[in-house]
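Right, one structure below, let's go through it.
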Amino acid sequence: MFFAGFAVAAAFINKATNEVLSETDPLAGVDAHAKSSNSAAHETARRRTFAIISHPDAGKTTLTEKLLLYGGAIHLAGSVKGRRAQRHATSDWMTLEQERGISVTSSVMQFEYDGYVVNLLDTPGHGDFSEDTYRTLIAADSAVMLLDNRRGVEERTRQLFAVCKRRRTPIFTFVNKCDRAGEDPLKLIGDVEADLEIDCHAITWPIFREDRFAGVFDRRRQRVHLFAADEHHGSRQATVSEGSLDDALVREALGTEALERLEHDIALLDAAGHPFDHAAVIAGTQTPVFFGSALTNFGVEPFLHEFLDLAPSPTSRNSTTGPIQPDDKDFSGFVFKIQANMDARHRDRIAFMRVVSGRFEAAMDAVHTRTGQTIRLSSPQTFMARERTAVTEAWPGDVIGLFDRGALRIGDTLSTRSDIVFDGIPRFAPEHFARVVLADPMRRKQMDAGLRQLTEEGAAQVFFTSPSAVAGPVPIVGAVGLLQFDVLLHRLEHEYGAPCRLERISGGNPRWVKGPPAEIARVGNQRGCTLLFDAREQPLLLFEDVWSLRYTLERETSLQCFEVAP
Ligand code: G4P
């Protein structure tokens, strides 16, 4: 019986009475001086800035909530409200947005755990999946890839993984929903390796007793964590007992069958699996894998503990003057997302800035390096789910929201140095395209102004059928997620006085293309292809289906194709 076993196991180390989970010092890499003082090095070393990537329904909302629960940011899971509603929020999104003021999806959630300051960047998903989802990954130093134990790698996971891989972002994998029967863990790992071409190393391994998810074995620390079912249904931290596999009480608690299976799996992993390689994890070529259940909280804490220990502290970012390290004493940061207020009465926008180096102080002056102007960074905010909190200082890895009256753009650098310009934020190929048709032809100027502004802001991408945008044919807008279209129409009408409708166009699989213009034009005229030009007059080809895309890629060797704008 599970409970009988647990009662015995609880005798060795009960987490409820013993807070210390490991001997590892979270700040082992920091020198003694930095540890003892409130120095920049100390603040940087203890920060972890990451995002969760997953396919809808894998459990991102649930896991986020449980991380907040363990981080003490919420006391009872179930308190991040309004999230579930977003799943169905395509048509009534505007109303929702107005009710919420600034979208909770734009938030960064900060909490402390075990001496770390954790910045969890919330990546918009479901209906509000957009370029912002991709851009958020640029601001993260690592990513947690959340998988459903029955479904493994799914389409959206693959897309987001590709962005991380391109940037060599370290990726940690959490296999969720282990409380219910799923794919065999060994097969799941094999599938991830084959599908995503990344090495896996299981750090925690699920323990099943009488076919029920009873615990995890932490291979790094060689510790068994056994969970007890309770009446809280995951709303509170799980009750856990912990011990070594050599411990007679642990072995007894596991029972012969579960013990044999665990020892067999561990022996197999040790012999045939990839050995743990921290350098490979940091380089993004190996992913540490964890098993658990966000619903019941089983395995969430061992994951959080190991993840914080292994994930990188804030990393450098490339700029025109070379890489800017977090310990550079001059303050610098870049804007990766701009959230317009959908309420027409409040024109303010919030620009989300990731701090790269130095110390940020409220009301400090910084150079907006694109324009050369000095601006005061007043009223900065951090976001905890729905609540905004005033910030007085921030360190590398932190994300703050700055009120903006329209001066800032995505990718902009703010710094006390005037000579830094961070590498731009890539433009990701949209998945949906539509013609913008004006309701009133006399409002063309307003529409053009609106589209220009919204493009600069990164709210949409605009394309034309001829290279010269001023020639004025019907513009085509591209979006990564369909909700971006709703937002675009709403803003064109309410902010720019240009009511429009959209006519969806067929064709997708977009690729920016480089090569001789005559060749590009020839391919663009072929059946199944559409040639467009972006706001910078760079050509982009749309393909009717993946077959015409593949066919063109194979045949047209004089053309180079890119999924991210070159
Ligand atoms: P998402 O943000 O990634 O889309 O996923 P979300 O957390 O909303 O979870 C999607 C569904 O999966 C929810 O069920 C949720 O309860 C369930 N889920 C999440 N984590 C686990 C887990 O560890 N184990 C199991 N068994 N289920 C999990 P739902 O039925 O859609 O909603 P609800 O009625 O449970 O609220």
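Chain labels follow the order of the structure tokens: the first chain is A, the next B, and so on; residue numbering restarts at 1 in every chain, and ligands are counted from 1 in their shown order.
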Give me the residues near Ala498 (chain A) as a VMD selection string, where near means some atom within 9 Å (using only C-alpha atoms) and where sequence neighbours in that chain fewer than 5 positions away do not count. chain A and resid 438 to 440 443 to 447 450 489 491 to 493
Limited to N, CA, C and O atoms, could you put the picked residues into a file as a PDB file, in the first residue's frame?
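Result written to again19.pdb:
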```pdb
ATOM      1  N   LEU A 438      -9.359  49.167 -46.929  1.00  0.00           N
ATOM      2  CA  LEU A 438      -9.911  50.332 -46.227  1.00  0.00           C
ATOM      3  C   LEU A 438     -11.419  50.416 -46.390  1.00  0.00           C
ATOM      4  O   LEU A 438     -11.932  50.246 -47.499  1.00  0.00           O
ATOM      5  N   ALA A 439     -12.110  50.717 -45.304  1.00  0.00           N
ATOM      6  CA  ALA A 439     -13.557  50.893 -45.405  1.00  0.00           C
ATOM      7  C   ALA A 439     -13.858  52.193 -46.160  1.00  0.00           C
ATOM      8  O   ALA A 439     -14.763  52.251 -46.980  1.00  0.00           O
ATOM      9  N   ASP A 440     -13.038  53.239 -45.889  1.00  0.00           N
ATOM     10  CA  ASP A 440     -13.240  54.528 -46.535  1.00  0.00           C
ATOM     11  C   ASP A 440     -11.944  54.902 -47.257  1.00  0.00           C
ATOM     12  O   ASP A 440     -10.938  55.215 -46.615  1.00  0.00           O
ATOM     13  N   ARG A 443      -9.305  57.560 -46.311  1.00  0.00           N
ATOM     14  CA  ARG A 443      -8.493  57.509 -45.091  1.00  0.00           C
ATOM     15  C   ARG A 443      -7.176  56.747 -45.309  1.00  0.00           C
ATOM     16  O   ARG A 443      -6.613  56.190 -44.387  1.00  0.00           O
ATOM     17  N   ARG A 444      -6.730  56.759 -46.544  1.00  0.00           N
ATOM     18  CA  ARG A 444      -5.501  56.053 -46.898  1.00  0.00           C
ATOM     19  C   ARG A 444      -4.290  56.554 -46.081  1.00  0.00           C
ATOM     20  O   ARG A 444      -3.472  55.776 -45.601  1.00  0.00           O
ATOM     21  N   LYS A 445      -4.215  57.869 -45.937  1.00  0.00           N
ATOM     22  CA  LYS A 445      -3.075  58.448 -45.211  1.00  0.00           C
ATOM     23  C   LYS A 445      -3.033  57.947 -43.771  1.00  0.00           C
ATOM     24  O   LYS A 445      -1.974  57.592 -43.252  1.00  0.00           O
ATOM     25  N   GLN A 446      -4.212  57.945 -43.143  1.00  0.00           N
ATOM     26  CA  GLN A 446      -4.297  57.493 -41.758  1.00  0.00           C
ATOM     27  C   GLN A 446      -3.890  56.016 -41.651  1.00  0.00           C
ATOM     28  O   GLN A 446      -3.179  55.618 -40.738  1.00  0.00           O
ATOM     29  N   MET A 447      -4.371  55.240 -42.634  1.00  0.00           N
ATOM     30  CA  MET A 447      -4.028  53.817 -42.604  1.00  0.00           C
ATOM     31  C   MET A 447      -2.517  53.626 -42.766  1.00  0.00           C
ATOM     32  O   MET A 447      -1.895  52.855 -42.034  1.00  0.00           O
ATOM     33  N   GLY A 450      -0.785  54.524 -39.640  1.00  0.00           N
ATOM     34  CA  GLY A 450      -1.027  53.481 -38.635  1.00  0.00           C
ATOM     35  C   GLY A 450      -0.168  52.261 -38.892  1.00  0.00           C
ATOM     36  O   GLY A 450       0.481  51.744 -37.987  1.00  0.00           O
ATOM     37  N   LEU A 489      -6.610  45.515 -36.438  1.00  0.00           N
ATOM     38  CA  LEU A 489      -7.831  46.183 -36.900  1.00  0.00           C
ATOM     39  C   LEU A 489      -8.361  47.137 -35.841  1.00  0.00           C
ATOM     40  O   LEU A 489      -8.761  48.265 -36.139  1.00  0.00           O
ATOM     41  N   ARG A 491      -6.720  48.657 -33.502  1.00  0.00           N
ATOM     42  CA  ARG A 491      -5.872  49.841 -33.336  1.00  0.00           C
ATOM     43  C   ARG A 491      -5.947  50.758 -34.550  1.00  0.00           C
ATOM     44  O   ARG A 491      -5.900  51.975 -34.408  1.00  0.00           O
ATOM     45  N   LEU A 492      -6.040  50.205 -35.758  1.00  0.00           N
ATOM     46  CA  LEU A 492      -6.162  51.051 -36.954  1.00  0.00           C
ATOM     47  C   LEU A 492      -7.416  51.908 -36.840  1.00  0.00           C
ATOM     48  O   LEU A 492      -7.404  53.100 -37.135  1.00  0.00           O
ATOM     49  N   GLU A 493      -8.482  51.306 -36.355  1.00  0.00           N
ATOM     50  CA  GLU A 493      -9.730  52.045 -36.256  1.00  0.00           C
ATOM     51  C   GLU A 493      -9.698  53.055 -35.108  1.00  0.00           C
ATOM     52  O   GLU A 493      -9.998  54.230 -35.303  1.00  0.00           O
TER      53      GLU A 493
END
```
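Near Phe298 (chain A), within 10 Å and counting only C-alpha atoms, sit Asn176, Lys177, Cys178, Asp179, Pro206, Phe213, Ala214, Gly215, Val216, His225, Leu226, Phe227, Ala228, Ala229, Gly234, Gln237, Ala238, Thr239, Val240, Phe291, Gly292, Ser293, Ala294, Leu295, Glu301, Pro302 and Phe303 of chain A, not including residues fewer than 3 positions from it in the same chain.
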Please give me, as number ranges by chain, the residues lying within 8 Å of ligand 1 when counting only C-alpha atoms and all ligand atoms. A: 54-64, 83-84, 87, 125-126, 176-180, 292-297
Take the residues from that selection and write them out as a PDB file, in the first residue's frame, keeping N, CA and C atoms.
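Contents of part_10.pdb, freshly written:
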```pdb
ATOM      1  N   SER A  54       6.189  25.559 -24.873  1.00  0.00           N
ATOM      2  CA  SER A  54       5.364  24.346 -24.902  1.00  0.00           C
ATOM      3  C   SER A  54       4.268  24.474 -25.946  1.00  0.00           C
ATOM      4  N   HIS A  55       3.649  23.374 -26.217  1.00  0.00           N
ATOM      5  CA  HIS A  55       2.464  23.344 -27.080  1.00  0.00           C
ATOM      6  C   HIS A  55       1.259  23.596 -26.170  1.00  0.00           C
ATOM      7  N   PRO A  56       0.200  24.238 -26.690  1.00  0.00           N
ATOM      8  CA  PRO A  56      -0.978  24.444 -25.839  1.00  0.00           C
ATOM      9  C   PRO A  56      -1.433  23.149 -25.167  1.00  0.00           C
ATOM     10  N   ASP A  57      -1.814  23.308 -23.917  1.00  0.00           N
ATOM     11  CA  ASP A  57      -2.361  22.207 -23.105  1.00  0.00           C
ATOM     12  C   ASP A  57      -1.322  21.279 -22.488  1.00  0.00           C
ATOM     13  N   ALA A  58      -0.046  21.566 -22.709  1.00  0.00           N
ATOM     14  CA  ALA A  58       0.978  20.720 -22.086  1.00  0.00           C
ATOM     15  C   ALA A  58       1.045  20.978 -20.581  1.00  0.00           C
ATOM     16  N   GLY A  59       0.523  22.165 -20.159  1.00  0.00           N
ATOM     17  CA  GLY A  59       0.495  22.452 -18.722  1.00  0.00           C
ATOM     18  C   GLY A  59       1.323  23.666 -18.317  1.00  0.00           C
ATOM     19  N   LYS A  60       1.566  24.579 -19.257  1.00  0.00           N
ATOM     20  CA  LYS A  60       2.403  25.746 -18.954  1.00  0.00           C
ATOM     21  C   LYS A  60       1.790  26.606 -17.841  1.00  0.00           C
ATOM     22  N   THR A  61       0.491  26.857 -17.949  1.00  0.00           N
ATOM     23  CA  THR A  61      -0.171  27.684 -16.933  1.00  0.00           C
ATOM     24  C   THR A  61      -0.044  27.006 -15.560  1.00  0.00           C
ATOM     25  N   THR A  62      -0.290  25.704 -15.557  1.00  0.00           N
ATOM     26  CA  THR A  62      -0.246  24.962 -14.294  1.00  0.00           C
ATOM     27  C   THR A  62       1.175  24.972 -13.720  1.00  0.00           C
ATOM     28  N   LEU A  63       2.165  24.718 -14.557  1.00  0.00           N
ATOM     29  CA  LEU A  63       3.537  24.697 -14.051  1.00  0.00           C
ATOM     30  C   LEU A  63       3.960  26.085 -13.570  1.00  0.00           C
ATOM     31  N   THR A  64       3.599  27.114 -14.332  1.00  0.00           N
ATOM     32  CA  THR A  64       3.944  28.481 -13.930  1.00  0.00           C
ATOM     33  C   THR A  64       3.411  28.751 -12.524  1.00  0.00           C
ATOM     34  N   ARG A  83      -6.520  33.205 -16.531  1.00  0.00           N
ATOM     35  CA  ARG A  83      -5.638  32.584 -17.504  1.00  0.00           C
ATOM     36  C   ARG A  83      -6.385  31.594 -18.363  1.00  0.00           C
ATOM     37  N   ARG A  84      -7.183  30.778 -17.722  1.00  0.00           N
ATOM     38  CA  ARG A  84      -7.906  29.753 -18.439  1.00  0.00           C
ATOM     39  C   ARG A  84      -8.795  30.363 -19.524  1.00  0.00           C
ATOM     40  N   ARG A  87      -7.772  31.081 -23.280  1.00  0.00           N
ATOM     41  CA  ARG A  87      -7.709  30.055 -24.292  1.00  0.00           C
ATOM     42  C   ARG A  87      -8.804  30.265 -25.336  1.00  0.00           C
ATOM     43  N   GLY A 125       0.730  32.493 -25.375  1.00  0.00           N
ATOM     44  CA  GLY A 125       0.452  31.240 -26.073  1.00  0.00           C
ATOM     45  C   GLY A 125      -0.988  31.203 -26.520  1.00  0.00           C
ATOM     46  N   HIS A 126      -1.467  30.044 -26.863  1.00  0.00           N
ATOM     47  CA  HIS A 126      -2.866  29.871 -27.282  1.00  0.00           C
ATOM     48  C   HIS A 126      -3.257  30.900 -28.332  1.00  0.00           C
ATOM     49  N   ASN A 176       5.759  16.491 -18.346  1.00  0.00           N
ATOM     50  CA  ASN A 176       4.649  16.742 -17.428  1.00  0.00           C
ATOM     51  C   ASN A 176       3.581  15.643 -17.495  1.00  0.00           C
ATOM     52  N   LYS A 177       2.696  15.687 -16.541  1.00  0.00           N
ATOM     53  CA  LYS A 177       1.502  14.825 -16.470  1.00  0.00           C
ATOM     54  C   LYS A 177       1.854  13.381 -16.159  1.00  0.00           C
ATOM     55  N   CYS A 178       2.989  13.172 -15.451  1.00  0.00           N
ATOM     56  CA  CYS A 178       3.386  11.803 -15.127  1.00  0.00           C
ATOM     57  C   CYS A 178       2.423  11.141 -14.149  1.00  0.00           C
ATOM     58  N   ASP A 179       1.490  11.923 -13.593  1.00  0.00           N
ATOM     59  CA  ASP A 179       0.499  11.320 -12.691  1.00  0.00           C
ATOM     60  C   ASP A 179      -0.478  10.440 -13.448  1.00  0.00           C
ATOM     61  N   ARG A 180      -0.485  10.561 -14.771  1.00  0.00           N
ATOM     62  CA  ARG A 180      -1.319   9.641 -15.536  1.00  0.00           C
ATOM     63  C   ARG A 180      -0.458   8.916 -16.572  1.00  0.00           C
ATOM     64  N   GLY A 292       7.734  14.876 -13.969  1.00  0.00           N
ATOM     65  CA  GLY A 292       6.898  15.329 -12.860  1.00  0.00           C
ATOM     66  C   GLY A 292       5.464  15.544 -13.257  1.00  0.00           C
ATOM     67  N   SER A 293       4.746  16.128 -12.331  1.00  0.00           N
ATOM     68  CA  SER A 293       3.336  16.446 -12.570  1.00  0.00           C
ATOM     69  C   SER A 293       3.051  17.818 -11.986  1.00  0.00           C
ATOM     70  N   ALA A 294       2.785  18.760 -12.866  1.00  0.00           N
ATOM     71  CA  ALA A 294       2.504  20.118 -12.394  1.00  0.00           C
ATOM     72  C   ALA A 294       1.190  20.135 -11.617  1.00  0.00           C
ATOM     73  N   LEU A 295       0.297  19.207 -11.975  1.00  0.00           N
ATOM     74  CA  LEU A 295      -1.014  19.180 -11.330  1.00  0.00           C
ATOM     75  C   LEU A 295      -0.884  18.797  -9.854  1.00  0.00           C
ATOM     76  N   THR A 296      -0.135  17.722  -9.581  1.00  0.00           N
ATOM     77  CA  THR A 296      -0.037  17.253  -8.196  1.00  0.00           C
ATOM     78  C   THR A 296       1.195  17.827  -7.486  1.00  0.00           C
ATOM     79  N   ASN A 297       2.018  18.565  -8.214  1.00  0.00           N
ATOM     80  CA  ASN A 297       3.280  19.145  -7.720  1.00  0.00           C
ATOM     81  C   ASN A 297       4.402  18.108  -7.578  1.00  0.00           C
TER      82      ASN A 297
END
```
Separation of CA of Glu43 (chain A) from CA of Leu69 (chain A) in Å: 22.7 Å
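Put simply, CA of Gly401 (chain A) is 9.3 Å away from CA of Val335 (chain A).
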From a backbone DSSP assignment, name each residue in region 184-389 of chain A labelled strand (DSSP E or B), as a ChimeraX atom specification. /A:199-202,204-209,212-218,223-228,239-244,286-291,317,319,324,332-340,349-357,360-361,364-368,373-377,381-384,387-389
Exercise: region 260-271 of chain A partners within 12 Å, only C-alpha atoms, chain neighbours under 4 positions left out, as a PyMOL selection string: chain A and resi 184-187+189-190+200-211+214-220+222+224+245-246+251-252+254-256+275-276
Please produce an output containing N, CA, C and O atoms for each residue in the selection, written as a CSV table (one decimal), in the first residue's frame.
```csv
chain,number,residue,atom,x,y,z
A,184,ASP,N,6.4,5.5,-22.6
A,184,ASP,CA,7.5,5.0,-21.8
A,184,ASP,C,8.6,6.1,-21.7
A,184,ASP,O,9.0,6.6,-22.8
A,185,PRO,N,9.1,6.4,-20.5
A,185,PRO,CA,10.1,7.5,-20.4
A,185,PRO,C,11.3,7.3,-21.3
A,185,PRO,O,11.8,8.3,-21.9
A,186,LEU,N,11.8,6.1,-21.5
A,186,LEU,CA,13.0,5.9,-22.3
A,186,LEU,C,12.6,6.2,-23.8
A,186,LEU,O,13.4,6.8,-24.5
A,187,LYS,N,11.4,5.8,-24.2
A,187,LYS,CA,11.0,6.0,-25.6
A,187,LYS,C,10.9,7.6,-25.8
A,187,LYS,O,11.3,8.1,-26.8
A,189,ILE,N,12.4,10.0,-24.3
A,189,ILE,CA,13.7,10.6,-24.4
A,189,ILE,C,14.3,10.4,-25.8
A,189,ILE,O,14.8,11.3,-26.5
A,190,GLY,N,14.1,9.1,-26.3
A,190,GLY,CA,14.6,8.8,-27.6
A,190,GLY,C,14.0,9.6,-28.7
A,190,GLY,O,14.6,10.1,-29.6
A,200,CYS,N,19.9,14.2,-24.8
A,200,CYS,CA,19.1,14.3,-23.5
A,200,CYS,C,19.9,13.6,-22.4
A,200,CYS,O,20.6,12.6,-22.6
A,201,HIS,N,19.8,14.2,-21.2
A,201,HIS,CA,20.4,13.5,-20.0
A,201,HIS,C,19.3,13.6,-18.9
A,201,HIS,O,19.0,14.8,-18.5
A,202,ALA,N,18.7,12.5,-18.6
A,202,ALA,CA,17.7,12.5,-17.5
A,202,ALA,C,18.3,12.8,-16.2
A,202,ALA,O,19.2,12.1,-15.7
A,203,ILE,N,17.9,13.9,-15.5
A,203,ILE,CA,18.4,14.2,-14.2
A,203,ILE,C,17.5,13.6,-13.2
A,203,ILE,O,17.9,12.9,-12.2
A,204,THR,N,16.2,13.8,-13.3
A,204,THR,CA,15.3,13.0,-12.5
A,204,THR,C,14.6,12.0,-13.3
A,204,THR,O,14.4,12.1,-14.5
A,205,TRP,N,14.3,10.9,-12.6
A,205,TRP,CA,13.7,9.7,-13.3
A,205,TRP,C,12.4,9.3,-12.6
A,205,TRP,O,12.5,9.2,-11.3
A,206,PRO,N,11.3,9.1,-13.3
A,206,PRO,CA,10.1,8.8,-12.5
A,206,PRO,C,10.1,7.4,-11.9
A,206,PRO,O,10.7,6.4,-12.4
A,207,ILE,N,9.5,7.3,-10.7
A,207,ILE,CA,9.4,6.1,-10.0
A,207,ILE,C,7.9,5.7,-10.0
A,207,ILE,O,7.1,6.5,-9.6
A,208,PHE,N,7.6,4.5,-10.5
A,208,PHE,CA,6.2,4.1,-10.5
A,208,PHE,C,6.0,2.9,-9.6
A,208,PHE,O,6.8,2.0,-9.6
A,209,ARG,N,5.0,3.0,-8.7
A,209,ARG,CA,4.8,1.9,-7.8
A,209,ARG,C,3.3,1.5,-8.1
A,209,ARG,O,2.4,2.3,-8.0
A,210,GLU,N,3.2,0.2,-8.4
A,210,GLU,CA,1.8,-0.3,-8.7
A,210,GLU,C,1.2,0.6,-9.8
A,210,GLU,O,0.0,1.1,-9.7
A,211,ASP,N,2.0,1.0,-10.8
A,211,ASP,CA,1.6,1.8,-11.9
A,211,ASP,C,1.2,3.2,-11.5
A,211,ASP,O,0.6,4.0,-12.3
A,214,ALA,N,5.0,7.6,-8.1
A,214,ALA,CA,5.2,7.7,-6.6
A,214,ALA,C,6.3,8.6,-6.2
A,214,ALA,O,6.4,9.0,-5.1
A,215,GLY,N,7.2,8.9,-7.2
A,215,GLY,CA,8.3,9.7,-6.8
A,215,GLY,C,9.3,9.9,-8.0
A,215,GLY,O,9.0,9.5,-9.1
A,216,VAL,N,10.4,10.5,-7.7
A,216,VAL,CA,11.5,10.7,-8.7
A,216,VAL,C,12.8,10.4,-8.1
A,216,VAL,O,13.0,10.5,-6.9
A,217,PHE,N,13.7,9.9,-8.9
A,217,PHE,CA,15.1,9.7,-8.4
A,217,PHE,C,16.0,10.7,-9.1
A,217,PHE,O,16.0,10.9,-10.3
A,218,ASP,N,16.7,11.5,-8.2
A,218,ASP,CA,17.5,12.5,-8.7
A,218,ASP,C,18.9,11.9,-8.9
A,218,ASP,O,19.6,11.6,-8.0
A,219,ARG,N,19.3,11.7,-10.2
A,219,ARG,CA,20.5,11.0,-10.5
A,219,ARG,C,21.7,11.9,-10.1
A,219,ARG,O,22.8,11.3,-9.9
A,220,ARG,N,21.6,13.2,-10.1
A,220,ARG,CA,22.7,14.0,-9.8
A,220,ARG,C,23.1,14.0,-8.4
A,220,ARG,O,24.3,13.9,-8.0
A,222,GLN,N,21.8,11.6,-6.4
A,222,GLN,CA,21.5,10.2,-6.0
A,222,GLN,C,20.5,10.2,-4.8
A,222,GLN,O,20.7,9.5,-3.8
A,224,VAL,N,16.4,9.8,-3.6
A,224,VAL,CA,15.0,9.4,-3.9
A,224,VAL,C,14.0,10.4,-3.3
A,224,VAL,O,14.2,10.7,-2.1
A,245,LEU,N,19.3,5.8,-2.1
A,245,LEU,CA,18.8,4.5,-2.6
A,245,LEU,C,19.4,3.3,-1.8
A,245,LEU,O,19.0,2.2,-1.8
A,246,ASP,N,20.5,3.6,-1.0
A,246,ASP,CA,21.2,2.6,-0.2
A,246,ASP,C,20.4,2.4,1.1
A,246,ASP,O,20.6,1.4,1.8
A,251,ARG,N,14.4,1.6,0.4
A,251,ARG,CA,14.2,0.4,-0.4
A,251,ARG,C,12.9,-0.3,0.0
A,251,ARG,O,12.1,-0.8,-0.8
A,252,GLU,N,12.7,-0.3,1.3
A,252,GLU,CA,11.4,-0.9,1.8
A,252,GLU,C,10.2,-0.1,1.3
A,252,GLU,O,9.2,-0.7,0.9
A,254,LEU,N,9.9,1.7,-1.3
A,254,LEU,CA,9.7,1.5,-2.7
A,254,LEU,C,9.0,0.2,-3.0
A,254,LEU,O,8.2,0.2,-3.9
A,255,GLY,N,9.4,-0.8,-2.3
A,255,GLY,CA,8.9,-2.1,-2.7
A,255,GLY,C,9.7,-2.8,-3.7
A,255,GLY,O,10.3,-2.1,-4.6
A,256,THR,N,9.7,-4.1,-3.8
A,256,THR,CA,10.6,-4.8,-4.7
A,256,THR,C,10.4,-4.5,-6.1
A,256,THR,O,11.4,-4.2,-6.8
A,275,PRO,N,26.3,10.9,-20.9
A,275,PRO,CA,26.7,11.4,-19.6
A,275,PRO,C,26.4,12.9,-19.4
A,275,PRO,O,26.4,13.6,-20.4
A,276,PHE,N,26.2,13.3,-18.2
A,276,PHE,CA,25.8,14.7,-18.0
A,276,PHE,C,27.0,15.6,-18.4
A,276,PHE,O,28.2,15.3,-18.0
```
I'd like the contact shell of Arg47 (chain A) - 7 Å cut-off, only C-alpha atoms, skipping same-chain residues fewer than 2 positions apart - returned as a ChimeraX atom specification. /A:43-45,49,116-118,313-314,397
Let me see the file: selected residues, all heavy atoms, as a CSV table (one decimal), in the first residue's frame.
```csv
chain,number,residue,atom,x,y,z
A,43,GLU,N,24.4,40.1,-7.2
A,43,GLU,CA,23.0,40.2,-7.7
A,43,GLU,C,22.9,39.5,-9.1
A,43,GLU,O,21.8,38.9,-9.4
A,43,GLU,CB,22.6,41.7,-7.9
A,43,GLU,CG,22.4,42.4,-6.5
A,43,GLU,CD,21.3,41.7,-5.7
A,43,GLU,OE1,20.4,41.1,-6.3
A,43,GLU,OE2,21.3,41.9,-4.4
A,44,THR,N,23.9,39.6,-9.9
A,44,THR,CA,23.8,39.0,-11.2
A,44,THR,C,23.9,37.5,-11.1
A,44,THR,O,23.1,36.7,-11.7
A,44,THR,CB,25.0,39.5,-12.1
A,44,THR,OG1,24.9,40.9,-12.2
A,44,THR,CG2,24.9,38.9,-13.5
A,45,ALA,N,24.8,37.0,-10.2
A,45,ALA,CA,25.0,35.5,-10.1
A,45,ALA,C,23.7,34.8,-9.6
A,45,ALA,O,23.5,33.7,-9.9
A,45,ALA,CB,26.2,35.3,-9.1
A,49,THR,N,16.9,34.0,-15.5
A,49,THR,CA,15.8,34.6,-16.4
A,49,THR,C,15.5,33.6,-17.5
A,49,THR,O,16.4,33.2,-18.3
A,49,THR,CB,16.3,35.9,-17.0
A,49,THR,OG1,16.7,36.8,-15.9
A,49,THR,CG2,15.3,36.6,-17.8
A,116,TYR,N,18.0,32.5,-4.9
A,116,TYR,CA,18.0,33.0,-6.3
A,116,TYR,C,16.9,34.0,-6.5
A,116,TYR,O,15.8,33.9,-5.8
A,116,TYR,CB,17.7,31.8,-7.2
A,116,TYR,CG,18.7,30.7,-7.3
A,116,TYR,CD1,18.6,29.6,-6.5
A,116,TYR,CD2,19.8,30.9,-8.1
A,116,TYR,CE1,19.6,28.6,-6.6
A,116,TYR,CE2,20.8,29.9,-8.2
A,116,TYR,CZ,20.7,28.8,-7.4
A,116,TYR,OH,21.7,27.8,-7.5
A,117,VAL,N,17.1,34.9,-7.5
A,117,VAL,CA,16.0,35.7,-7.9
A,117,VAL,C,15.6,35.2,-9.3
A,117,VAL,O,16.4,35.1,-10.2
A,117,VAL,CB,16.4,37.2,-8.1
A,117,VAL,CG1,15.3,38.1,-8.6
A,117,VAL,CG2,16.9,37.7,-6.7
A,118,VAL,N,14.4,34.7,-9.4
A,118,VAL,CA,13.9,34.0,-10.6
A,118,VAL,C,13.0,35.0,-11.4
A,118,VAL,O,12.1,35.5,-10.9
A,118,VAL,CB,13.1,32.8,-10.2
A,118,VAL,CG1,12.7,32.0,-11.5
A,118,VAL,CG2,13.9,31.9,-9.3
A,313,SER,N,23.4,32.0,-15.2
A,313,SER,CA,23.0,33.4,-14.7
A,313,SER,C,23.0,34.3,-15.9
A,313,SER,O,23.4,33.9,-17.0
A,313,SER,CB,24.0,33.8,-13.7
A,313,SER,OG,25.3,33.8,-14.2
A,314,PRO,N,22.6,35.5,-15.8
A,314,PRO,CA,22.5,36.4,-17.0
A,314,PRO,C,23.7,36.4,-17.9
A,314,PRO,O,24.9,36.5,-17.4
A,314,PRO,CB,22.2,37.8,-16.4
A,314,PRO,CG,21.5,37.4,-15.1
A,314,PRO,CD,22.1,36.2,-14.6
A,397,GLY,N,19.6,40.7,-16.1
A,397,GLY,CA,18.6,39.6,-16.1
A,397,GLY,C,17.2,40.0,-15.8
A,397,GLY,O,16.3,39.4,-16.2
```
Skip Leu540 (chain A) itself and residues of its chain fewer than 6 positions away, then list as a VMD selection string all residues within 7 Å of it, counting only C-alpha atoms. chain A and resid 510 to 513 531 to 533
Write a file of the just-selected residues containing N, CA and C atoms, as a CSV table (one decimal), in the first residue's frame.
```
chain,number,residue,atom,x,y,z
A,510,PRO,N,6.4,31.1,-45.6
A,510,PRO,CA,7.2,32.2,-46.1
A,510,PRO,C,8.7,32.1,-46.0
A,511,ARG,N,9.4,32.6,-46.9
A,511,ARG,CA,10.9,32.6,-46.9
A,511,ARG,C,11.4,33.9,-47.4
A,512,TRP,N,12.2,34.6,-46.6
A,512,TRP,CA,12.9,35.8,-47.2
A,512,TRP,C,13.9,35.2,-48.2
A,513,VAL,N,14.1,36.0,-49.3
A,513,VAL,CA,14.9,35.4,-50.3
A,513,VAL,C,16.0,36.4,-50.8
A,531,LEU,N,5.1,36.5,-54.6
A,531,LEU,CA,6.3,37.3,-54.3
A,531,LEU,C,5.8,38.6,-53.6
A,532,LEU,N,6.3,38.9,-52.4
A,532,LEU,CA,6.0,40.1,-51.7
A,532,LEU,C,7.3,40.8,-51.3
A,533,PHE,N,7.1,42.1,-50.9
A,533,PHE,CA,8.3,42.8,-50.4
A,533,PHE,C,8.0,43.4,-49.1
```
Within 9 Å of Ala363 (chain A), counting only C-alpha atoms, which residues qualify if same-chain residues fewer than 6 places away don't, as a list in words? Arg376, Leu377, Ser378, Ser379, Pro380 and Thr392 of chain A
